[in-house]
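*Asks:* Could you have a look at this structure, given as structure tokens, before my questions?
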Amino acid sequence: MQPNQYRDVRLEKLEKLKALGVEPWPRKAKRTHGIADLAAAYADAEAWPNERLEGLGLEISVMGRLLTIREMGKSVFAHLTENGEKIQGFFRMNDLSESTWELLKLLDMGDFISITGPLMRTKTGELSVRVKEIQFLSKALLPLPEKWHGLQDKEQRYRQRYLDLISNADVLKTMQTRSRIVSAVRRYMEGEGYLEVETPMMQPIPGGATARPFITHHNALDMDLYLRIAPELYLKRLIVGGFEKVFEINRNFRNEGLSVRHNPEFTMMEFYAAGQDLRDMMALTEGLISTVAKDVVGSETLPWGDQAISYAAPFRRLTMKDAIAQYGAIERNLLEDGDSIRTLAKSVHIEDVDKKTVGTLLGDLFEHHAEKQLVQPTFITDYPIELSPLTKTLEGDDRFVDRFELFIGGMELANAYSELNDPIDQMGRFQAQMDERESGNDEAMLLDQDFVTSLEHGFPPTGGEGIGIDRLVMLLTNSASIRDVILFPLMRPMKPQETGEPE
């Protein structure tokens with residue numbers, strides 16, 4: 001049958017339910033236990049044989065979505081699922097009233113029901129409820145995806161995530177793991193003395209990163225606002241104001257393309273600590289990631305595709321130049337000469353070589369030769385100043401800054417600085433960014449005069465960092481695409497032929 005035919009059949013059953021005086025969508029479910037709780041407590045068949053279960057005299061009510069129905073003469077077996085766990089309902093004609101037995105004929109896969117009765121175990125060892133009572137909770141008017149193959153089309157899975165969660169147990173587990181990862185990150189930061197704060201998501205000046213923002217308009221004030229690309233400049237204002245350690249698990253928005261590692265709306269954590277520097281950020285990052293891996297996933301060594309990644313501290317450290325030399329098989333001394341760097345960039349067909357600074361080209365060479373090779377956790381340090389307008393310079397060499405990016409699985413996971421706290425230097429760097437914008441770089445930073453003013457009131461030495469939460473979840477759950485760890489990723493509009501509507 002076509003979906004509309006299935007719906008018609010179910011609508012007929014709905015009318016029969018109403019004629020019997022059954023409320024198909026009641027206000028409250030009869031429920032004494034969660035299916036997952038029962039599975040955790042009584043799953044062991046040896047520890048809890050049927051005799052012992054029945055000896056408890058435990059009459060329970062559980063609710064769940066009906067996944068299977070199997071009739072065997074005067075008995076019916078059905079599986080209910082809730083929160084990723086299943087329990088069997090065992091219906092016997094002799095245990096039920098005639099009207100209740102008739103209700104079984106009006107059940108469909110996908111319905112939400114509650115069943116009540118004693119807990120038991122069947123001869124095959126399956127944890128079950130010997131049903132005495134049924135309560136309809138929600139009559140499903142559309143069928144679930146096909147039983148054995150589930151929901152396979154990726155586009156449909158992302159667009160109808162609710163069906164994906166029902167059909168694919170691994171997807172539900174990944175999303176539950178994501179929630180546990182975020183909770184574990186929060187606990188770790190609080191244990192390190194950080195306070196969680198909230199900063200504006202709509203900002204008059206987008207700052208804290210080089211990215212193209214989304215623009216909206218506030219009607220009452222008649223002013224344009226920008227969805228934040230990063231919370232950095234507001235969090236730093238809090239350090240100026242007297243907070244010692246702050247963090248925010250936040251949603252950021254960047255008007256950029258879609259890929260397996262990019263979604264325009266994404267989650268990251270940024271944090272700042274007064275009196276600290278880059279080395280302190282490294283130590284915290286190692287402890288955070290290894291602890292979360294152990295606490296949530298159960299190991300410091302986890303699969304990534306066909307490889308294994310060790311999250312045990314300490315992580316490897318390489319300068320950007322050393323990484324280029326190692327993975328590009330390039331003589332290290334060639335990276336000390338501007339003309340040689342330009343020649344190397346041209347040899348790998350980097351665009352606009354003659355228009356870029358030497359520091360920018362070093363970043364391009366690193367991305368070309370090294371980034372995808374960094375599977376094991378690696379801190380890359382000593383970035384050119386052109387790539388880091390908010391960072392302290394290296395002592396003795398003001399062409400480079402005290403910054404690291406952490407790469408795992410061939411992608412950037414974290415970005416940290418010894419923060420620039422010289423307001424005069426900061427103003428000069430903002431001006432350089434404005435010059436970049438005038439030359440056509442739409443992603444260069446705008447001047448935030450109020451932020452510079454805040455620095456002039458005194459900003460102590462500070463370590464700061466951002467960690468991509470979506471990518472952390474990707475790594476710890478072995479998920480190849482960011483869409484696999486975001487519940488509702490942004491999708492392109494469906495074409496008329498895909499929706500079934502006329503063009």
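Residues are referred to by chain and number: the chain letter is A, B, ... according to the order shown in the structure tokens, the number counts from 1 in that chain, and ligands are numbered separately from 1 in the order shown.
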Once DSSP has gone over the backbone, tell me which residues of region 212-312 of chain A are in alpha helix (DSSP H), as a list in words.

*Replies:* Glu232, Leu233, Tyr234, Leu235, Lys236, Arg237, Leu238, Ile239, Val240, Gly241, Leu278, Arg279, Asp280, Met281, Met282, Ala283, Leu284, Thr285, Glu286, Gly287, Leu288, Ile289, Ser290, Thr291 and Val292 of chain A

*Asks:* Grab the residues selected above and save them as a PDB file, in the first residue's frame with C-alpha atoms.

*Replies:*
```pdb
ATOM      1  CA  GLU A 232      35.245  35.846  22.674  1.00  0.00           C
ATOM      2  CA  LEU A 233      35.125  39.612  23.057  1.00  0.00           C
ATOM      3  CA  TYR A 234      32.259  39.488  25.573  1.00  0.00           C
ATOM      4  CA  LEU A 235      33.926  36.776  27.659  1.00  0.00           C
ATOM      5  CA  LYS A 236      37.115  38.852  27.776  1.00  0.00           C
ATOM      6  CA  ARG A 237      35.091  41.820  29.019  1.00  0.00           C
ATOM      7  CA  LEU A 238      34.091  39.614  31.960  1.00  0.00           C
ATOM      8  CA  ILE A 239      37.759  39.004  32.805  1.00  0.00           C
ATOM      9  CA  VAL A 240      38.263  42.800  32.726  1.00  0.00           C
ATOM     10  CA  GLY A 241      35.269  43.072  35.062  1.00  0.00           C
ATOM     11  CA  LEU A 278      48.992  28.831  26.491  1.00  0.00           C
ATOM     12  CA  ARG A 279      50.759  26.102  28.480  1.00  0.00           C
ATOM     13  CA  ASP A 280      47.962  26.145  31.067  1.00  0.00           C
ATOM     14  CA  MET A 281      45.402  25.821  28.277  1.00  0.00           C
ATOM     15  CA  MET A 282      47.277  22.786  26.912  1.00  0.00           C
ATOM     16  CA  ALA A 283      47.253  21.047  30.288  1.00  0.00           C
ATOM     17  CA  LEU A 284      43.546  21.704  30.815  1.00  0.00           C
ATOM     18  CA  THR A 285      42.686  20.515  27.299  1.00  0.00           C
ATOM     19  CA  GLU A 286      44.567  17.233  27.710  1.00  0.00           C
ATOM     20  CA  GLY A 287      42.876  16.580  31.038  1.00  0.00           C
ATOM     21  CA  LEU A 288      39.430  17.516  29.762  1.00  0.00           C
ATOM     22  CA  ILE A 289      39.456  15.351  26.640  1.00  0.00           C
ATOM     23  CA  SER A 290      41.050  12.282  28.227  1.00  0.00           C
ATOM     24  CA  THR A 291      38.657  12.492  31.209  1.00  0.00           C
ATOM     25  CA  VAL A 292      35.548  12.870  29.027  1.00  0.00           C
TER      26      VAL A 292
END
```

*Asks:* Would you pick out the contacts of region 430-444 of chain A at 7 Å or less, using only C-alpha atoms, so that residues sharing its chain but fewer than 6 positions from it are not included, and give the list as a count of residues only?

*Replies:* 3

*Asks:* Set the distance at 7 Å and use only C-alpha atoms: which residues neighbour Thr301 (chain A) once local chain neighbours fewer than 6 positions away are removed? I'd like the list as a ChimeraX atom specification.

*Replies:* /A:308-311

*Asks:* Measuring atom to atom with only C-alpha atoms, identify which of A:Arg180, A:Arg159, A:Lys245, A:Arg92 is nearest to Glu196 (chain A).

*Replies:*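 Between A:Arg180, A:Arg159, A:Lys245, A:Arg92, the residue approaching Glu196 (chain A) most closely is A:Lys245.
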
*Asks:* Do you know which residues are at most 9 Å from Arg483 (chain A) counting only C-alpha atoms, after dropping those on the same chain fewer than 4 positions away, and could you put them as a list in words?

*Replies:*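 Non-adjacent residues within range: Tyr158, Ser259, Val260, Arg261, His262, Asn263, Ser479, Leu487, Phe488, Pro489 and Leu490 of chain A.
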
*Asks:* Mind writing the picked residues with C-alpha atoms as a PDB file, in the first residue's frame?

*Replies:*
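Wrote result-v5.pdb, looks like this:
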```pdb
ATOM      1  CA  TYR A 158      18.486  14.232   8.438  1.00  0.00           C
ATOM      2  CA  SER A 259      30.485  20.055   4.548  1.00  0.00           C
ATOM      3  CA  VAL A 260      31.055  16.928   6.603  1.00  0.00           C
ATOM      4  CA  ARG A 261      32.844  19.166   9.137  1.00  0.00           C
ATOM      5  CA  HIS A 262      30.881  22.412   8.857  1.00  0.00           C
ATOM      6  CA  ASN A 263      27.336  23.414   9.726  1.00  0.00           C
ATOM      7  CA  SER A 479      31.050   9.657  13.337  1.00  0.00           C
ATOM      8  CA  LEU A 487      20.056  16.454  15.782  1.00  0.00           C
ATOM      9  CA  PHE A 488      18.692  18.819  13.152  1.00  0.00           C
ATOM     10  CA  PRO A 489      21.421  19.932  10.706  1.00  0.00           C
ATOM     11  CA  LEU A 490      20.702  22.658   8.181  1.00  0.00           C
TER      12      LEU A 490
END
```

*Asks:* Kindly give the distance, in Å, that separates CA of Leu137 (chain A) and CA of Gln176 (chain A), rounded to a single decimal.

*Replies:*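 Answer for the CA of Leu137 (chain A) to CA of Gln176 (chain A) separation: 24.1 Å.
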
*Asks:* Between CA of Asp95 (chain A) and CA of Arg10 (chain A), what is the distance, to one decimal in Å?

*Replies:* 26.4 Å
